[in-house]
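**Student:** I'm passing along coords06.cif; it holds mmCIF, C-alpha atoms.
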data_upload
loop_
_atom_site.group_PDB
_atom_site.id
_atom_site.type_symbol
_atom_site.label_atom_id
_atom_site.label_comp_id
_atom_site.auth_asym_id
_atom_site.auth_seq_id
_atom_site.Cartn_x
_atom_site.Cartn_y
_atom_site.Cartn_z
ATOM 1 C CA MET A 185 -10.377 33.811 42.722
ATOM 2 C CA SER A 186 -7.910 36.694 43.042
ATOM 3 C CA ASN A 187 -6.574 38.604 40.057
ATOM 4 C CA GLU A 188 -3.069 37.404 40.858
ATOM 5 C CA THR A 189 -4.178 33.768 40.885
ATOM 6 C CA SER A 190 -5.975 34.240 37.595
ATOM 7 C CA ARG A 191 -2.861 35.805 36.124
ATOM 8 C CA ARG A 192 -0.676 32.925 37.297
ATOM 9 C CA ASP A 193 -3.097 30.372 35.858
ATOM 10 C CA PHE A 194 -3.163 32.228 32.563
ATOM 11 C CA LEU A 195 0.638 32.260 32.366
ATOM 12 C CA LYS A 196 0.764 28.540 33.146
ATOM 13 C CA LEU A 197 -1.700 27.783 30.371
ATOM 14 C CA ALA A 198 0.185 29.985 27.937
ATOM 15 C CA ALA A 199 3.466 28.258 28.749
ATOM 16 C CA ALA A 200 1.864 24.834 28.364
ATOM 17 C CA GLY A 201 0.452 25.818 25.006
ATOM 18 C CA THR A 202 3.829 27.041 23.795
ATOM 19 C CA ALA A 203 5.509 23.824 24.902
ATOM 20 C CA ALA A 204 2.866 21.734 23.141
ATOM 21 C CA LEU A 205 3.310 23.750 19.969
ATOM 22 C CA GLY A 206 7.015 23.099 19.979
ATOM 23 C CA ALA A 207 6.407 19.346 20.163
ATOM 24 C CA LEU A 208 4.481 19.191 16.899
ATOM 25 C CA PRO A 209 6.057 18.354 13.545
ATOM 26 C CA ALA A 210 7.635 21.434 11.981
ATOM 27 C CA SER A 211 5.167 21.378 9.081
ATOM 28 C CA LEU A 212 2.289 21.770 11.525
ATOM 29 C CA GLY A 213 3.924 23.836 14.231
ATOM 30 C CA ALA A 214 5.022 26.520 11.786
ATOM 31 C CA LYS A 215 1.486 26.848 10.556
ATOM 32 C CA PHE A 216 0.156 28.048 13.875
ATOM 33 C CA ALA A 217 2.564 30.958 13.970
ATOM 34 C CA GLN A 218 1.318 32.370 10.688
ATOM 35 C CA GLY A 219 -1.545 34.722 10.029
ATOM 36 C CA GLY A 220 -2.218 37.934 8.176
ATOM 37 C CA GLY A 221 -4.432 38.629 5.204
ATOM 38 C CA LYS A 222 -3.184 36.081 2.675
ATOM 39 C CA LEU A 223 -4.127 32.432 2.490
ATOM 40 C CA SER A 224 -1.252 30.072 1.742
ATOM 41 C CA LEU A 225 -2.283 26.519 0.927
ATOM 42 C CA ASP A 226 -0.648 23.387 -0.438
ATOM 43 C CA LYS A 227 -3.116 21.969 -2.934
ATOM 44 C CA GLY A 228 -3.724 18.287 -2.479
ATOM 45 C CA MET A 229 -5.966 15.397 -3.404
ATOM 46 C CA VAL A 230 -6.875 12.010 -2.024
ATOM 47 C CA TYR A 231 -5.027 9.261 -3.854
ATOM 48 C CA THR A 232 -8.276 7.686 -5.073
ATOM 49 C CA MET A 233 -8.981 10.734 -7.276
ATOM 50 C CA LEU A 234 -6.191 9.572 -9.587
ATOM 51 C CA PRO A 235 -7.175 7.138 -12.387
ATOM 52 C CA LYS A 236 -6.970 3.525 -11.227
ATOM 53 C CA GLY A 237 -5.751 2.231 -14.582
ATOM 54 C CA MET A 238 -2.415 4.040 -14.295
ATOM 55 C CA SER A 239 0.729 2.812 -12.575
ATOM 56 C CA VAL A 240 1.577 4.181 -9.149
ATOM 57 C CA ALA A 241 4.404 6.238 -10.648
ATOM 58 C CA ASP A 242 2.162 7.699 -13.361
ATOM 59 C CA ARG A 243 -0.565 8.530 -10.857
ATOM 60 C CA PHE A 244 1.799 10.636 -8.788
ATOM 61 C CA LYS A 245 3.212 12.247 -11.908
ATOM 62 C CA LEU A 246 -0.311 13.210 -12.977
ATOM 63 C CA ALA A 247 -0.956 14.731 -9.552
ATOM 64 C CA ARG A 248 2.120 16.904 -9.943
ATOM 65 C CA ASP A 249 1.393 17.845 -13.540
ATOM 66 C CA THR A 250 -2.126 18.998 -12.697
ATOM 67 C CA GLY A 251 -0.894 21.342 -9.996
ATOM 68 C CA PHE A 252 -1.108 19.335 -6.779
ATOM 69 C CA LYS A 253 1.732 19.420 -4.261
ATOM 70 C CA VAL A 254 0.472 16.840 -1.788
ATOM 71 C CA VAL A 255 -1.511 13.600 -1.762
ATOM 72 C CA GLN A 256 -3.380 11.840 1.016
ATOM 73 C CA ALA A 257 -2.773 8.101 0.756
ATOM 74 C CA PRO A 258 -4.823 5.293 2.314
ATOM 75 C CA THR A 259 -3.634 2.925 5.009
ATOM 76 C CA THR A 260 -1.263 0.479 3.307
ATOM 77 C CA PRO A 261 -0.500 -2.653 5.363
ATOM 78 C CA ASP A 262 1.754 -4.199 2.710
ATOM 79 C CA GLN A 263 5.248 -2.838 3.310
ATOM 80 C CA ASN A 264 6.330 -3.263 -0.306
ATOM 81 C CA GLU A 265 3.307 -1.312 -1.526
ATOM 82 C CA ALA A 266 3.940 1.381 1.056
ATOM 83 C CA GLU A 267 7.539 1.747 -0.077
ATOM 84 C CA GLU A 268 6.412 1.865 -3.714
ATOM 85 C CA LEU A 269 4.115 4.777 -2.891
ATOM 86 C CA LYS A 270 6.937 6.642 -1.192
ATOM 87 C CA LYS A 271 9.360 6.023 -4.052
ATOM 88 C CA ALA A 272 6.848 7.196 -6.663
ATOM 89 C CA ALA A 273 5.955 10.328 -4.715
ATOM 90 C CA ASP A 274 9.572 11.245 -4.031
ATOM 91 C CA ALA A 275 10.522 10.739 -7.677
ATOM 92 C CA VAL A 276 8.192 13.511 -8.863
ATOM 93 C CA GLY A 277 8.445 15.835 -5.871
ATOM 94 C CA VAL A 278 4.969 15.212 -4.488
ATOM 95 C CA ARG A 279 4.649 14.818 -0.727
ATOM 96 C CA ILE A 280 2.431 12.175 0.826
ATOM 97 C CA ASP A 281 1.021 14.667 3.240
ATOM 98 C CA SER A 282 -1.201 12.457 5.379
ATOM 99 C CA VAL A 283 -2.817 9.060 5.779
ATOM 100 C CA MET A 284 -6.491 8.223 5.330
ATOM 101 C CA ASN A 285 -7.096 5.626 8.006
ATOM 102 C CA MET A 286 -9.236 2.859 6.509
ATOM 103 C CA ALA A 287 -10.400 0.693 9.435
ATOM 104 C CA HIS A 288 -12.520 3.117 11.429
ATOM 105 C CA TRP A 289 -15.878 2.696 9.621
ATOM 106 C CA ARG A 290 -16.155 -1.077 9.530
ATOM 107 C CA TYR A 291 -14.424 -1.477 12.888
ATOM 108 C CA PRO A 292 -15.155 1.677 14.915
ATOM 109 C CA LEU A 293 -13.313 2.410 18.130
ATOM 110 C CA SER A 294 -16.728 2.925 19.739
ATOM 111 C CA SER A 295 -17.829 -0.664 19.130
ATOM 112 C CA SER A 296 -18.827 -2.868 22.066
ATOM 113 C CA ASP A 297 -17.119 -5.808 20.315
ATOM 114 C CA PRO A 298 -13.501 -6.102 21.534
ATOM 115 C CA SER A 299 -12.433 -7.787 18.292
ATOM 116 C CA ASP A 300 -13.717 -4.819 16.249
ATOM 117 C CA VAL A 301 -11.852 -2.400 18.498
ATOM 118 C CA ALA A 302 -8.674 -4.471 18.218
ATOM 119 C CA LYS A 303 -8.879 -4.366 14.401
ATOM 120 C CA SER A 304 -9.496 -0.626 14.490
ATOM 121 C CA MET A 305 -6.527 -0.039 16.764
ATOM 122 C CA GLU A 306 -4.294 -2.166 14.546
ATOM 123 C CA GLY A 307 -5.424 -0.135 11.549
ATOM 124 C CA MET A 308 -4.494 3.080 13.302
ATOM 125 C CA ARG A 309 -1.087 1.751 14.317
ATOM 126 C CA THR A 310 -0.450 0.735 10.712
ATOM 127 C CA SER A 311 -1.559 4.184 9.561
ATOM 128 C CA LEU A 312 0.764 5.910 12.016
ATOM 129 C CA HIS A 313 3.721 3.813 10.835
ATOM 130 C CA ASN A 314 2.765 4.517 7.210
ATOM 131 C CA ALA A 315 2.888 8.211 8.050
ATOM 132 C CA LYS A 316 6.352 7.862 9.532
ATOM 133 C CA LEU A 317 7.633 6.033 6.449
ATOM 134 C CA TRP A 318 6.099 8.551 4.042
ATOM 135 C CA GLY A 319 7.141 11.661 5.937
ATOM 136 C CA SER A 320 3.519 12.551 6.638
ATOM 137 C CA ASP A 321 2.560 14.559 9.690
ATOM 138 C CA ALA A 322 -1.043 13.450 10.293
ATOM 139 C CA VAL A 323 -3.403 10.488 10.188
ATOM 140 C CA LEU A 324 -7.111 11.095 9.665
ATOM 141 C CA LEU A 325 -9.343 9.287 12.149
ATOM 142 C CA VAL A 326 -13.111 8.998 12.307
ATOM 143 C CA PRO A 327 -13.265 8.483 16.074
ATOM 144 C CA ALA A 328 -16.629 6.784 16.556
ATOM 145 C CA VAL A 329 -19.929 5.758 15.008
ATOM 146 C CA VAL A 330 -23.249 6.241 16.787
ATOM 147 C CA ASN A 331 -25.851 3.619 15.827
ATOM 148 C CA PRO A 332 -28.695 1.657 17.455
ATOM 149 C CA GLN A 333 -26.128 -0.456 19.305
ATOM 150 C CA THR A 334 -23.874 2.441 20.411
ATOM 151 C CA SER A 335 -25.202 5.446 22.289
ATOM 152 C CA TYR A 336 -23.728 8.910 21.904
ATOM 153 C CA HIS A 337 -22.318 8.721 25.428
ATOM 154 C CA ASP A 338 -20.749 5.315 24.839
ATOM 155 C CA ALA A 339 -19.265 6.481 21.542
ATOM 156 C CA TRP A 340 -17.638 9.430 23.333
ATOM 157 C CA VAL A 341 -16.234 7.455 26.262
ATOM 158 C CA ARG A 342 -15.148 4.334 24.394
ATOM 159 C CA SER A 343 -13.421 6.181 21.566
ATOM 160 C CA GLN A 344 -11.549 8.526 23.874
ATOM 161 C CA LYS A 345 -10.341 5.560 25.940
ATOM 162 C CA GLU A 346 -8.827 3.877 22.878
ATOM 163 C CA ILE A 347 -7.411 7.033 21.323
ATOM 164 C CA ARG A 348 -5.561 7.805 24.557
ATOM 165 C CA LYS A 349 -3.759 4.476 24.121
ATOM 166 C CA LEU A 350 -2.487 5.692 20.735
ATOM 167 C CA ILE A 351 -1.067 8.998 21.948
ATOM 168 C CA PRO A 352 2.335 7.583 23.066
ATOM 169 C CA LEU A 353 2.900 6.075 19.604
ATOM 170 C CA ALA A 354 1.784 9.287 17.888
ATOM 171 C CA GLU A 355 4.230 11.242 20.034
ATOM 172 C CA GLU A 356 7.046 8.769 19.385
ATOM 173 C CA LEU A 357 6.525 8.922 15.623
ATOM 174 C CA LYS A 358 5.784 12.672 15.630
ATOM 175 C CA VAL A 359 2.482 12.170 13.802
ATOM 176 C CA VAL A 360 -0.731 13.948 14.758
ATOM 177 C CA ILE A 361 -4.007 12.030 15.050
ATOM 178 C CA ALA A 362 -6.490 14.311 13.291
ATOM 179 C CA ILE A 363 -10.148 13.793 14.201
ATOM 180 C CA GLU A 364 -12.591 14.300 11.326
ATOM 181 C CA GLU A 365 -16.277 15.209 11.472
ATOM 182 C CA VAL A 366 -18.332 13.002 9.166
ATOM 183 C CA TRP A 367 -21.886 11.693 8.842
ATOM 184 C CA ASN A 368 -21.472 9.294 11.760
ATOM 185 C CA LYS A 369 -24.123 10.906 14.030
ATOM 186 C CA PHE A 370 -21.274 12.038 16.299
ATOM 187 C CA LEU A 371 -19.640 15.404 17.032
ATOM 188 C CA LEU A 372 -22.570 17.222 15.456
ATOM 189 C CA SER A 373 -21.502 20.741 16.397
ATOM 190 C CA PRO A 374 -18.191 22.616 16.440
ATOM 191 C CA LEU A 375 -18.554 23.166 20.185
ATOM 192 C CA GLU A 376 -18.776 19.415 20.795
ATOM 193 C CA MET A 377 -15.848 18.691 18.528
ATOM 194 C CA ARG A 378 -13.730 21.325 20.233
ATOM 195 C CA THR A 379 -14.579 19.909 23.658
ATOM 196 C CA TYR A 380 -13.945 16.321 22.564
ATOM 197 C CA ILE A 381 -10.454 17.199 21.324
ATOM 198 C CA ASN A 382 -9.623 19.440 24.293
ATOM 199 C CA GLU A 383 -10.380 16.625 26.730
ATOM 200 C CA PHE A 384 -7.322 14.716 25.507
ATOM 201 C CA HIS A 385 -5.007 17.500 26.752
ATOM 202 C CA SER A 386 -2.522 16.448 24.086
ATOM 203 C CA PRO A 387 -0.887 18.302 21.183
ATOM 204 C CA TRP A 388 -1.034 15.030 19.242
ATOM 205 C CA ILE A 389 -4.821 15.073 18.959
ATOM 206 C CA LYS A 390 -6.132 17.761 16.617
ATOM 207 C CA ALA A 391 -8.951 18.359 14.118
ATOM 208 C CA TRP A 392 -9.232 17.417 10.476
ATOM 209 C CA PHE A 393 -11.934 19.713 9.158
ATOM 210 C CA ASP A 394 -14.027 18.736 6.138
ATOM 211 C CA VAL A 395 -15.607 21.806 4.553
ATOM 212 C CA GLY A 396 -18.411 19.921 2.801
ATOM 213 C CA ASN A 397 -19.450 17.515 5.537
ATOM 214 C CA VAL A 398 -21.151 20.134 7.735
ATOM 215 C CA VAL A 399 -23.197 22.001 5.103
ATOM 216 C CA LEU A 400 -26.304 19.898 5.775
ATOM 217 C CA TYR A 401 -26.490 21.010 9.423
ATOM 218 C CA GLY A 402 -24.150 23.982 9.820
ATOM 219 C CA TYR A 403 -21.814 26.498 8.233
ATOM 220 C CA PRO A 404 -18.171 25.657 7.502
ATOM 221 C CA GLN A 405 -16.999 29.171 8.367
ATOM 222 C CA ASP A 406 -18.600 28.847 11.823
ATOM 223 C CA TRP A 407 -16.853 25.522 12.428
ATOM 224 C CA ILE A 408 -13.539 27.007 11.319
ATOM 225 C CA HIS A 409 -13.816 29.959 13.684
ATOM 226 C CA THR A 410 -14.859 27.696 16.573
ATOM 227 C CA LEU A 411 -12.191 25.021 16.093
ATOM 228 C CA GLY A 412 -9.507 27.605 15.308
ATOM 229 C CA LYS A 413 -5.987 26.383 15.965
ATOM 230 C CA GLN A 414 -7.204 22.834 16.494
ATOM 231 C CA ILE A 415 -7.476 22.476 12.715
ATOM 232 C CA VAL A 416 -4.349 20.930 11.207
ATOM 233 C CA LYS A 417 -5.736 19.622 7.906
ATOM 234 C CA LEU A 418 -8.574 20.375 5.494
ATOM 235 C CA HIS A 419 -10.742 18.338 3.165
ATOM 236 C CA LEU A 420 -12.357 20.250 0.321
ATOM 237 C CA LYS A 421 -15.634 19.272 -1.297
ATOM 238 C CA ASP A 422 -18.969 20.896 -2.024
ATOM 239 C CA PHE A 423 -22.545 19.958 -1.231
ATOM 240 C CA LYS A 424 -25.879 20.799 -2.804
ATOM 241 C CA LEU A 425 -29.335 20.360 -1.264
ATOM 242 C CA GLU A 426 -32.493 21.009 -3.295
ATOM 243 C CA HIS A 427 -36.065 19.861 -2.652
ATOM 244 C CA SER A 428 -34.988 17.245 -0.077
ATOM 245 C CA ARG A 429 -32.445 15.804 -2.513
ATOM 246 C CA TYR A 430 -28.726 16.200 -2.043
ATOM 247 C CA GLU A 431 -25.559 15.484 -3.946
ATOM 248 C CA TRP A 432 -21.829 15.982 -3.685
ATOM 249 C CA VAL A 433 -20.695 18.354 -6.416
ATOM 250 C CA ASN A 434 -17.487 19.916 -7.672
ATOM 251 C CA LEU A 435 -15.963 22.853 -5.820
ATOM 252 C CA GLY A 436 -17.980 25.994 -6.402
ATOM 253 C CA ASP A 437 -21.053 24.160 -7.712
ATOM 254 C CA GLY A 438 -22.730 23.706 -4.347
ATOM 255 C CA GLN A 439 -23.791 25.660 -1.287
ATOM 256 C CA VAL A 440 -20.434 26.146 0.433
ATOM 257 C CA MET A 441 -19.903 29.883 0.914
ATOM 258 C CA TRP A 442 -16.322 29.870 -0.336
ATOM 259 C CA PRO A 443 -15.569 33.588 0.302
ATOM 260 C CA ALA A 444 -16.664 33.144 3.936
ATOM 261 C CA VAL A 445 -14.653 29.922 4.246
ATOM 262 C CA ARG A 446 -11.581 31.630 2.837
ATOM 263 C CA GLN A 447 -11.924 34.555 5.238
ATOM 264 C CA ALA A 448 -12.412 32.244 8.201
ATOM 265 C CA LEU A 449 -9.215 30.367 7.317
ATOM 266 C CA ILE A 450 -7.377 33.695 7.100
ATOM 267 C CA ASP A 451 -8.871 34.754 10.432
ATOM 268 C CA ILE A 452 -7.486 31.710 12.259
ATOM 269 C CA GLY A 453 -4.111 31.942 10.533
ATOM 270 C CA TYR A 454 -4.417 28.635 8.708
ATOM 271 C CA SER A 455 -1.759 27.705 6.197
ATOM 272 C CA GLY A 456 -1.082 24.153 5.200
ATOM 273 C CA SER A 457 -2.619 21.468 3.064
ATOM 274 C CA ALA A 458 -6.085 21.626 1.548
ATOM 275 C CA ILE A 459 -6.930 18.206 0.150
ATOM 276 C CA CYS A 460 -9.760 17.601 -2.306
ATOM 277 C CA GLU A 461 -11.908 14.577 -1.608
ATOM 278 C CA LEU A 462 -13.853 14.262 -4.834
ATOM 279 C CA GLU A 463 -14.586 11.599 -7.437
ATOM 280 C CA SER A 464 -11.784 10.367 -9.671
ATOM 281 C CA GLY A 465 -11.240 11.691 -13.164
ATOM 282 C CA ASP A 466 -8.906 12.264 -16.073
ATOM 283 C CA GLU A 467 -6.252 14.918 -16.534
ATOM 284 C CA ALA A 468 -8.661 17.593 -17.779
ATOM 285 C CA TYR A 469 -10.925 17.065 -14.786
ATOM 286 C CA LEU A 470 -8.054 17.213 -12.303
ATOM 287 C CA ARG A 471 -6.725 20.418 -13.886
ATOM 288 C CA ASP A 472 -10.172 21.926 -13.523
ATOM 289 C CA VAL A 473 -10.309 20.969 -9.826
ATOM 290 C CA SER A 474 -6.865 22.492 -9.321
ATOM 291 C CA ASN A 475 -7.970 25.715 -11.004
ATOM 292 C CA ARG A 476 -11.105 25.847 -8.867
ATOM 293 C CA ILE A 477 -9.011 25.751 -5.692
ATOM 294 C CA ASP A 478 -6.950 28.624 -7.023
ATOM 295 C CA ARG A 479 -10.017 30.644 -7.903
ATOM 296 C CA LEU A 480 -12.020 29.965 -4.735
ATOM 297 C CA LEU A 481 -9.343 29.989 -2.058
ATOM 298 C CA ILE A 482 -5.838 30.923 -3.132
ATOM 299 C CA GLN A 483 -6.175 33.703 -5.698
ATOM 300 C CA ALA A 484 -9.581 35.006 -4.615
#
Now, as a test, write the supplied structure out as structure tokens.

**Tutor:**
Amino acid sequence: MSNETSRRDFLKLAAAGTAALGALPASLGAKFAQGGGKLSLDKGMVYTMLPKGMSVADRFKLARDTGFKVVQAPTTPDQNEAEELKKAADAVGVRIDSVMNMAHWRYPLSSSDPSDVAKSMEGMRTSLHNAKLWGSDAVLLVPAVVNPQTSYHDAWVRSQKEIRKLIPLAEELKVVIAIEEVWNKFLLSPLEMRTYINEFHSPWIKAWFDVGNVVLYGYPQDWIHTLGKQIVKLHLKDFKLEHSRYEWVNLGDGQVMWPAVRQALIDIGYSGSAICELESGDEAYLRDVSNRIDRLLIQA
């Protein structure tokens, strides 16, 4: 290949990347242009961290009062409930930042059962429409589950086939489908996850990176550097392994190397939401979690 051909190909790729960037929601597109030595994050939590005994309005108010700007809400098929969530969030100035898709574990896109796949696809369509209603810019998706009935290869091929069918709707609604790495025996390295996402050739398929999920078999900072600009959202949790026993623990109480994670996020120019996915608790507990995010990532 000549140098001139290589140069032309490079310019084509650069132009395509710029065009794709411009297509993303402003809240995500702006993020990729930022960098420098300071980490700017919107603190968030999953909705289930808020006490169940409170009203929807009081739950969102508590999120705000304990220092959280954004909340990740679950898929909500009931339209009245979805509108209630939006009204409560708007009333206190908290943004429903993203949607936690709820159908992908029980009904994985990688299933050989067409009825399971159909239910999973319907769940994703509902999640995407929830995101549009709430003003969210991403839906979290666990893309596949490898098990005795589903090989790694089949999980890869089947899930990609179905996700490609969702891209037109994601583009229409201006909502990114964010692929998360979890304990599903799939996408076990950052190189695989990067390749899996790249094969869609779409700005509407990105990565949702969970800091705690990879500690058992990798290093979050390595994943962050490898995935780079593919990362559009973060989950925060911590993980502790001792004497063949493990547990999920509060931020800073486990084996996540938070200074290295923070530096990696700075290195890739990440700024956006960082959403805790921890157990639920009262106001004092939530304030403590909020302060831990400040100490470990924002004010470090």

**Student:** Mind checking which residues fall within 8 Å of region 351-368 of chain A, counting only C-alpha atoms, ignoring those fewer than 4 positions away in the same chain, and posting them as a PyMOL selection string?

**Tutor:** chain A and resi 208-209+309+312-313+315-316+320-330+347+372+377+381+386-394+397-398+416-417

**Student:** Please report as JSON lines every residue of region 391-435 of chain A lying within 10 Å of region 222-236 of chain A, along with the nearest atom pair and their distance in Å (one decimal), using only C-alpha atoms.

**Tutor:**
{"residue": "A:Leu418", "atom": "CA", "partner": "A:Gly228", "partner_atom": "CA", "distance": 9.6}
{"residue": "A:His419", "atom": "CA", "partner": "A:Met229", "partner_atom": "CA", "distance": 8.6}
{"residue": "A:Leu420", "atom": "CA", "partner": "A:Met229", "partner_atom": "CA", "distance": 8.8}

**Student:** Could you check the closest approach to Val395 (chain A) for each of A:Lys253, A:Arg348, A:Lys303, A:Arg446 and tell me which residue wins, using all atoms listed in the file?

**Tutor:**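 Of A:Lys253, A:Arg348, A:Lys303, A:Arg446, the one nearest Val395 (chain A), counting all atoms listed in the file, is A:Arg446.
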
**Student:** Please enumerate the residues selected by the PyMOL selection byres ((chain A and resi 443) around 12) when evaluated against the supplied file, formatted as a PDB file with C-alpha atoms, in the frame of the given file.

**Tutor:**
ATOM      1  CA  LEU A 223      -4.127  32.432   2.490  1.00  0.00           C
ATOM      2  CA  PRO A 404     -18.171  25.657   7.502  1.00  0.00           C
ATOM      3  CA  GLN A 405     -16.999  29.171   8.367  1.00  0.00           C
ATOM      4  CA  GLY A 436     -17.980  25.994  -6.402  1.00  0.00           C
ATOM      5  CA  GLN A 439     -23.791  25.660  -1.287  1.00  0.00           C
ATOM      6  CA  VAL A 440     -20.434  26.146   0.433  1.00  0.00           C
ATOM      7  CA  MET A 441     -19.903  29.883   0.914  1.00  0.00           C
ATOM      8  CA  TRP A 442     -16.322  29.870  -0.336  1.00  0.00           C
ATOM      9  CA  ALA A 444     -16.664  33.144   3.936  1.00  0.00           C
ATOM     10  CA  VAL A 445     -14.653  29.922   4.246  1.00  0.00           C
ATOM     11  CA  ARG A 446     -11.581  31.630   2.837  1.00  0.00           C
ATOM     12  CA  GLN A 447     -11.924  34.555   5.238  1.00  0.00           C
ATOM     13  CA  ALA A 448     -12.412  32.244   8.201  1.00  0.00           C
ATOM     14  CA  LEU A 449      -9.215  30.367   7.317  1.00  0.00           C
ATOM     15  CA  ILE A 450      -7.377  33.695   7.100  1.00  0.00           C
ATOM     16  CA  ILE A 477      -9.011  25.751  -5.692  1.00  0.00           C
ATOM     17  CA  ARG A 479     -10.017  30.644  -7.903  1.00  0.00           C
ATOM     18  CA  LEU A 480     -12.020  29.965  -4.735  1.00  0.00           C
ATOM     19  CA  LEU A 481      -9.343  29.989  -2.058  1.00  0.00           C
ATOM     20  CA  ILE A 482      -5.838  30.923  -3.132  1.00  0.00           C
ATOM     21  CA  GLN A 483      -6.175  33.703  -5.698  1.00  0.00           C
ATOM     22  CA  ALA A 484      -9.581  35.006  -4.615  1.00  0.00           C
TER      23      ALA A 484
END

**Student:** Out of A:Gly307, A:Phe423, A:Ser335, A:Asp466, which residue has the shortest atom-to-atom distance to Arg290 (chain A) when counting all atoms listed in the file?

**Tutor:**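 For Arg290 (chain A), the nearest of the candidates is A:Gly307.
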
**Student:** On this structure, the PyMOL selection byres ((chain A and resi 296) around 10) would catch which residues? List them as a PyMOL selection string, sorted by chain and number.

**Tutor:** chain A and resi 292-295+297-301+333-334+338-339+342

**Student:** Starting from the displayed file, determine the output of the PyMOL selection byres ((chain A and resi 410) around 12) and express the residue list as a list in words.

**Tutor:** Ser373, Pro374, Leu375, Glu376, Met377, Arg378, Thr379, Ala391, Phe393, Tyr403, Pro404, Gln405, Asp406, Trp407, Ile408, His409, Leu411, Gly412, Lys413, Gln414, Ile415, Ala448, Leu449, Asp451 and Ile452 of chain A

**Student:** Work out how far CA of Asp249 (chain A) is from CA of Asn314 (chain A), in Å to one decimal.

**Tutor:**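 Distance between the two atoms: 24.7 Å.
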
**Student:** Using CA of Glu426 (chain A) and CA of Tyr401 (chain A) as the two end points, give the distance in Å to one decimal.

**Tutor:** 14.1 Å

**Student:** If I take CA of Val240 (chain A) and CA of Ala275 (chain A), how far is one from the other in Å, to one decimal?

**Tutor:**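 Distance reported for this atom pair: 11.2 Å.
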
**Student:** Give the answer as one residue: which of A:Leu462, A:Val255, A:Leu371, A:Gly396 has the shortest atom-to-atom distance to Tyr430 (chain A), using only C-alpha atoms?

**Tutor:** A:Gly396

**Student:** Let me make sure I understand: among A:Gly456, A:Gly277, A:Gly251, A:Pro261, which one has the smallest atom-to-atom distance to Thr310 (chain A) if we use all atoms listed in the file?

**Tutor:** A:Pro261

**Student:** Can you report as AutoDock Vina command-line options the centre and edge lengths in Å, to one decimal, of an axis-aligned box around the listed atoms of region 423-431 of chain A padded with 4 Å on each side?

**Tutor:**
--center_x -29.3 --center_y 18.2 --center_z -2.0 --size_x 21.5 --size_y 13.5 --size_z 11.9
